[in-house]
Amino acid sequence: MIVTRFAPSPTGFLHLGHAFSALTAFCVAREAGGRFLLRIEDIDPVRCKPAYTRAMLDDLHWLGLTWEEPVRVQSAHMADYAAALGHLRARGLIYPCFCTRREIGELAAPQENDDVGPIYPGTCRNLSESDRAALARTRPCVWRLDMARACAQAGELTWHDAARGEIRAAPARFGDVVLARKDVLTSYHLSVTVDDALQGVTLVTRGEDLFAATDIHRLLQALLDLPTPRYRHHPLLRDATGRRYAKRDKSLTLRALREAGKTPAAVREMTGFPRVPL
């Protein structure tokens with residue numbers, strides 16, 4: 001059975017691009033007789049607001065979507081991410097990093113590929129235990145994946161994309177990614193990988209801007225002995241100028257469109273989904 005999910009972060013109101021992504025996951029599941037899940041990815045304690053979560057649920061109901069209850073809210077499941085992090089720590093695959101963003105920016109060389117960004121130079125990777133203990137007394141740390149060691153343990157990995165077929169994962173190009181932040185002991189990469197497995201998601205539908213990041217998720221699946229879903233990365237919805245929709249586009253949030261008198265059917269038409277399967 002196909003199980004899909006829509007997993008927004010409550011850092012603002014949903015816009016047309018979110019509606020397109022949610023409708024994609026919903027319609028794929030319903031047309032296949034599968035299940036559609038909703039997840040609230042609220043691990044950012046500063047940017048995520050309960051008011052935005054309530055608005056999201058309201059807007060999605062208004063759009064005509066329904067989902068299984070209870071909705072998984074990431075902030076209520078930190079123990080799951082801590083367990084995954086503990087498993088990686090026990091295998092010697094993560095290490096504390098005490099570098100500031102400024103220090104990393106000064107040392108890391110920018111990459112040509114925007115999907116990757118600056119690569120962490122590995123400053124803290126081989127610190128002694130005594131050096132780590134000394135730094136911990138004055139600096140907070142993030143926890144990074146030792147990418148070289150992780151890739152060596154996992155071996156060659158692949159994953160399947162609906163449009164591009166079998167993809168050979170190349171997570172090493174991202175360097176030692178952060179798996180637990182200073183302010184919260186998890187990260188997007190860790191949480192989304194654990195959640196998809198715990199929720200039994202079999203098909204991840206999401207924007208093509210996350211295509212490259214799937215390599216990291218595939219590696220974590222292998223390291224944590226988690227199942228690998230299939231993926232379907234859809235094009236990003238864009239405005240007339242070619243710019244993709246974002247939360248900064250206040251006039252194109254679902255809330256603004258509703259207030260302007262648009263009907264759910266009209267908004268669905270704008271996304272290319274004039275009707276939703278019951």
# chains A, B, ... in the order shown; residues from 1 in each chain; ligands from 1
>>> select_by_dssp(residues="stretch 28-240 of chain A", states="strand (DSSP E or B)", output="PyMOL selection string")
chain A and resi 35-40+72-73+94-97+142-145+158-161+165-168+178-180+203-207+230-234+238
>>> write_last_selection(atoms="N, CA, C and O atoms", output="compact mmCIF listing (two decimals), in the first residue's frame")
# COMPACT_ATOMS: atom_id res chain seq x y z
N ARG A 35 -2.67 5.62 1.75
CA ARG A 35 -2.86 6.46 2.94
C ARG A 35 -2.09 7.76 2.78
O ARG A 35 -0.97 7.77 2.27
N PHE A 36 -2.68 8.84 3.27
CA PHE A 36 -2.05 10.15 3.25
C PHE A 36 -1.86 10.62 4.69
O PHE A 36 -2.81 10.63 5.48
N LEU A 37 -0.63 11.02 5.03
CA LEU A 37 -0.32 11.46 6.38
C LEU A 37 0.10 12.92 6.37
O LEU A 37 0.62 13.43 5.37
N LEU A 38 -0.10 13.56 7.49
CA LEU A 38 0.36 14.94 7.70
C LEU A 38 1.34 14.93 8.86
O LEU A 38 1.11 14.27 9.87
N ARG A 39 2.45 15.66 8.70
CA ARG A 39 3.44 15.77 9.76
C ARG A 39 3.83 17.24 9.90
O ARG A 39 4.03 17.93 8.90
N ILE A 40 3.95 17.70 11.12
CA ILE A 40 4.35 19.07 11.39
C ILE A 40 5.82 19.06 11.81
O ILE A 40 6.17 18.52 12.86
N ARG A 72 1.53 13.69 13.37
CA ARG A 72 2.82 13.61 14.06
C ARG A 72 3.45 15.00 14.12
O ARG A 72 3.64 15.66 13.09
N VAL A 73 3.74 15.44 15.33
CA VAL A 73 4.38 16.74 15.56
C VAL A 73 5.78 16.46 16.06
O VAL A 73 5.97 15.85 17.12
N ILE A 94 29.55 9.91 14.78
CA ILE A 94 29.30 11.34 14.94
C ILE A 94 30.32 11.91 15.92
O ILE A 94 30.90 11.18 16.72
N TYR A 95 30.51 13.21 15.84
CA TYR A 95 31.45 13.86 16.74
C TYR A 95 30.97 15.28 17.04
O TYR A 95 30.27 15.89 16.21
N PRO A 96 31.33 15.82 18.20
CA PRO A 96 30.91 17.19 18.54
C PRO A 96 31.77 18.21 17.79
O PRO A 96 32.99 18.05 17.67
N CYS A 97 31.12 19.25 17.31
CA CYS A 97 31.81 20.32 16.59
C CYS A 97 31.55 21.63 17.33
O CYS A 97 30.39 22.01 17.55
N VAL A 142 27.51 21.38 18.03
CA VAL A 142 26.60 20.61 17.20
C VAL A 142 27.20 19.22 17.07
O VAL A 142 28.37 19.00 17.42
N TRP A 143 26.42 18.27 16.58
CA TRP A 143 26.95 16.93 16.34
C TRP A 143 26.95 16.69 14.84
O TRP A 143 25.92 16.83 14.17
N ARG A 144 28.13 16.35 14.32
CA ARG A 144 28.30 16.14 12.88
C ARG A 144 28.53 14.66 12.58
O ARG A 144 29.11 13.91 13.37
N LEU A 145 28.07 14.27 11.39
CA LEU A 145 28.32 12.92 10.90
C LEU A 145 29.73 12.86 10.33
O LEU A 145 30.12 13.71 9.52
N THR A 158 21.96 3.17 -3.42
CA THR A 158 21.12 3.72 -4.47
C THR A 158 19.74 4.01 -3.91
O THR A 158 19.37 3.50 -2.85
N TRP A 159 18.99 4.84 -4.61
CA TRP A 159 17.59 5.08 -4.28
C TRP A 159 16.84 5.34 -5.58
O TRP A 159 17.46 5.61 -6.62
N HIS A 160 15.53 5.24 -5.55
CA HIS A 160 14.73 5.33 -6.78
C HIS A 160 13.88 6.58 -6.81
O HIS A 160 13.14 6.87 -5.88
N ASP A 161 14.02 7.34 -7.89
CA ASP A 161 13.18 8.51 -8.14
C ASP A 161 12.22 8.19 -9.28
O ASP A 161 12.62 7.61 -10.30
N GLY A 165 14.55 7.45 -12.27
CA GLY A 165 14.94 6.07 -12.10
C GLY A 165 15.90 5.84 -10.96
O GLY A 165 15.89 6.55 -9.95
N GLU A 166 16.78 4.84 -11.12
CA GLU A 166 17.71 4.47 -10.06
C GLU A 166 18.83 5.51 -9.96
O GLU A 166 19.49 5.83 -10.95
N ILE A 167 19.02 6.01 -8.75
CA ILE A 167 20.02 7.05 -8.50
C ILE A 167 21.12 6.50 -7.61
O ILE A 167 20.83 5.91 -6.56
N ARG A 168 22.37 6.69 -8.01
CA ARG A 168 23.48 6.28 -7.15
C ARG A 168 23.74 7.41 -6.16
O ARG A 168 24.04 8.54 -6.55
N VAL A 178 25.55 18.33 9.72
CA VAL A 178 25.07 18.45 11.10
C VAL A 178 23.85 17.55 11.29
O VAL A 178 22.89 17.62 10.52
N LEU A 179 23.86 16.73 12.33
CA LEU A 179 22.73 15.87 12.65
C LEU A 179 22.02 16.29 13.93
O LEU A 179 20.91 15.84 14.20
N ALA A 180 22.67 17.14 14.72
CA ALA A 180 22.03 17.69 15.93
C ALA A 180 22.54 19.10 16.11
O ALA A 180 23.75 19.34 16.11
N LEU A 203 6.28 6.24 -0.13
CA LEU A 203 6.55 7.12 -1.27
C LEU A 203 6.67 8.55 -0.75
O LEU A 203 5.70 9.11 -0.25
N VAL A 204 7.87 9.11 -0.87
CA VAL A 204 8.09 10.49 -0.46
C VAL A 204 7.91 11.39 -1.68
O VAL A 204 8.67 11.30 -2.64
N THR A 205 6.88 12.22 -1.66
CA THR A 205 6.67 13.20 -2.71
C THR A 205 7.06 14.56 -2.15
O THR A 205 6.55 14.98 -1.12
N ARG A 206 7.97 15.24 -2.83
CA ARG A 206 8.42 16.55 -2.36
C ARG A 206 9.08 17.30 -3.51
O ARG A 206 9.31 16.73 -4.58
N GLY A 207 9.39 18.57 -3.28
CA GLY A 207 9.93 19.41 -4.33
C GLY A 207 11.31 19.00 -4.79
O GLY A 207 12.10 18.41 -4.04
N ARG A 230 10.38 4.91 -1.80
CA ARG A 230 10.59 5.43 -3.14
C ARG A 230 10.36 6.94 -3.09
O ARG A 230 9.72 7.44 -2.17
N TYR A 231 10.87 7.64 -4.08
CA TYR A 231 10.79 9.09 -4.08
C TYR A 231 10.18 9.61 -5.38
O TYR A 231 10.34 9.00 -6.44
N ARG A 232 9.51 10.74 -5.25
CA ARG A 232 8.96 11.43 -6.41
C ARG A 232 9.17 12.92 -6.18
O ARG A 232 8.46 13.55 -5.40
N HIS A 233 10.18 13.47 -6.82
CA HIS A 233 10.50 14.89 -6.67
C HIS A 233 9.81 15.68 -7.78
O HIS A 233 10.14 15.53 -8.96
N HIS A 234 8.84 16.49 -7.38
CA HIS A 234 8.04 17.22 -8.36
C HIS A 234 8.62 18.60 -8.63
O HIS A 234 9.34 19.17 -7.79
N ARG A 238 5.90 27.95 -9.75
CA ARG A 238 6.55 29.25 -9.93
C ARG A 238 5.55 30.30 -10.41
O ARG A 238 4.52 29.96 -11.00
>>> closest_atom_pairs(of="stretch 134-225 of chain A", to="stretch 119-122 of chain A", cutoff="7 Å", atoms="only C-alpha atoms", output="CSV")
residue,atom,partner,partner_atom,distance
A:Phe174,CA,A:Ile119,CA,6.3
A:Gly175,CA,A:Ile119,CA,5.5
A:Asp176,CA,A:Tyr120,CA,6.2
>>> closest_residue(among="A:Leu107, A:Val116, A:Val201, A:Leu210", to="A:Pro171", atoms="only C-alpha atoms")
A:Val116
>>> residues_around(residues="A:Val267", least_positions_apart="6", cutoff="9 Å", atoms="only C-alpha atoms", output="PyMOL selection string")
chain A and resi 16+19+63+254+257-258+273-274
>>> residues_around(residues="A:Lys182", least_positions_apart="5", cutoff="12 Å", atoms="only C-alpha atoms", output="list in words")
Ile43, Asp44, Pro45, Pro96, Cys97, Phe98, Cys99, Thr100, Arg101, Ala136, Arg139, Pro140, Cys141, Val142, Trp143, Arg144 and Ser187 of chain A
>>> closest_residue(among="A:Leu223, A:His18, A:Met270, A:Phe26", to="A:Arg91", atoms="only C-alpha atoms")
A:Leu223
>>> select_by_dssp(residues="stretch 24-165 of chain A", states="helix (DSSP H, G or I)", output="ChimeraX atom specification")
/A:24-31,50-63,74-76,78-90,101-107,129-136,147-154
>>> write_last_selection(atoms="C-alpha atoms", output="mmCIF file, in the first residue's frame")
data_model
loop_
_atom_site.group_PDB
_atom_site.id
_atom_site.type_symbol
_atom_site.label_atom_id
_atom_site.label_comp_id
_atom_site.auth_asym_id
_atom_site.auth_seq_id
_atom_site.Cartn_x
_atom_site.Cartn_y
_atom_site.Cartn_z
ATOM 1 C CA THR A 24 0.422 15.975 -5.078
ATOM 2 C CA ALA A 25 0.941 13.697 -2.082
ATOM 3 C CA PHE A 26 -2.766 13.530 -1.304
ATOM 4 C CA CYS A 27 -3.914 12.681 -4.827
ATOM 5 C CA VAL A 28 -1.177 10.098 -5.426
ATOM 6 C CA ALA A 29 -2.202 8.257 -2.265
ATOM 7 C CA ARG A 30 -5.958 8.473 -2.790
ATOM 8 C CA GLU A 31 -5.865 7.473 -6.447
ATOM 9 C CA PRO A 50 1.810 27.221 17.217
ATOM 10 C CA ALA A 51 -0.330 29.853 15.491
ATOM 11 C CA TYR A 52 1.128 28.842 12.143
ATOM 12 C CA THR A 53 0.442 25.184 12.901
ATOM 13 C CA ARG A 54 -3.218 25.957 13.587
ATOM 14 C CA ALA A 55 -3.408 28.042 10.405
ATOM 15 C CA MET A 56 -1.890 25.206 8.363
ATOM 16 C CA LEU A 57 -4.442 22.677 9.552
ATOM 17 C CA ASP A 58 -7.267 25.119 8.850
ATOM 18 C CA ASP A 59 -6.009 25.967 5.348
ATOM 19 C CA LEU A 60 -5.500 22.328 4.387
ATOM 20 C CA HIS A 61 -8.996 21.389 5.565
ATOM 21 C CA TRP A 62 -10.369 24.340 3.597
ATOM 22 C CA LEU A 63 -8.502 23.115 0.521
ATOM 23 C CA GLN A 74 8.152 16.479 15.615
ATOM 24 C CA SER A 75 8.698 18.476 18.802
ATOM 25 C CA ALA A 76 6.723 15.824 20.704
ATOM 26 C CA MET A 78 12.510 14.210 20.461
ATOM 27 C CA ALA A 79 13.217 10.884 22.184
ATOM 28 C CA ASP A 80 13.032 9.126 18.802
ATOM 29 C CA TYR A 81 15.720 11.378 17.364
ATOM 30 C CA ALA A 82 17.846 11.061 20.494
ATOM 31 C CA ALA A 83 17.729 7.275 20.138
ATOM 32 C CA ALA A 84 18.868 7.480 16.519
ATOM 33 C CA LEU A 85 21.658 9.867 17.474
ATOM 34 C CA GLY A 86 22.704 7.520 20.265
ATOM 35 C CA HIS A 87 22.901 4.627 17.821
ATOM 36 C CA LEU A 88 25.212 6.613 15.545
ATOM 37 C CA ARG A 89 27.317 7.730 18.511
ATOM 38 C CA ALA A 90 27.731 4.129 19.665
ATOM 39 C CA ARG A 101 29.534 29.853 11.731
ATOM 40 C CA ARG A 102 32.085 32.593 11.207
ATOM 41 C CA GLU A 103 34.982 30.192 11.701
ATOM 42 C CA ILE A 104 33.487 27.713 9.290
ATOM 43 C CA GLY A 105 32.785 30.430 6.734
ATOM 44 C CA GLU A 106 36.389 31.576 6.847
ATOM 45 C CA LEU A 107 37.789 28.094 6.312
ATOM 46 C CA GLU A 129 38.804 13.704 24.267
ATOM 47 C CA SER A 130 40.620 16.144 26.532
ATOM 48 C CA ASP A 131 40.400 18.909 23.914
ATOM 49 C CA ARG A 132 36.703 18.234 23.451
ATOM 50 C CA ALA A 133 36.112 18.359 27.189
ATOM 51 C CA ALA A 134 37.956 21.656 27.437
ATOM 52 C CA LEU A 135 35.986 23.225 24.589
ATOM 53 C CA ALA A 136 32.694 21.935 25.985
ATOM 54 C CA MET A 147 30.994 11.326 6.453
ATOM 55 C CA ALA A 148 34.063 9.396 5.342
ATOM 56 C CA ARG A 149 33.623 6.788 8.065
ATOM 57 C CA ALA A 150 29.870 6.588 7.481
ATOM 58 C CA CYS A 151 30.259 6.064 3.728
ATOM 59 C CA ALA A 152 32.893 3.405 4.319
ATOM 60 C CA GLN A 153 30.547 1.495 6.604
ATOM 61 C CA ALA A 154 27.478 1.867 4.368
#
>>> residues_around(residues="A:Gly34", least_positions_apart="6", cutoff="8 Å", atoms="only C-alpha atoms", output="MDAnalysis selection string")
chainID A and resid 1:4
>>> atom_distance(atom1="atom CA of A:Gly200", atom2="atom CA of A:Leu237")
27.3 Å
>>> residues_around(residues="A:Arg47", least_positions_apart="3", cutoff="10 Å", atoms="only C-alpha atoms", output="list of chain:residue names")
A:Ser9, A:Pro10, A:Thr11, A:Gly12, A:Asp42, A:Ile43, A:Asp44
>>> write_last_selection(atoms="C-alpha atoms", output="short mmCIF file (atom, residue, chain, number, x, y, z; two decimals), in the first residue's frame")
data_model
loop_
_atom_site.label_atom_id
_atom_site.label_comp_id
_atom_site.auth_asym_id
_atom_site.auth_seq_id
_atom_site.Cartn_x
_atom_site.Cartn_y
_atom_site.Cartn_z
CA SER A 9 7.27 23.59 8.88
CA PRO A 10 5.09 26.11 10.77
CA THR A 11 7.29 29.14 10.12
CA GLY A 12 4.66 31.07 8.16
CA ASP A 42 8.53 22.09 14.11
CA ILE A 43 12.00 21.34 15.47
CA ASP A 44 13.10 24.98 15.09
#
>>> atom_distance(atom1="atom CA of A:Glu156", atom2="atom CA of A:Leu220")
12.8 Å
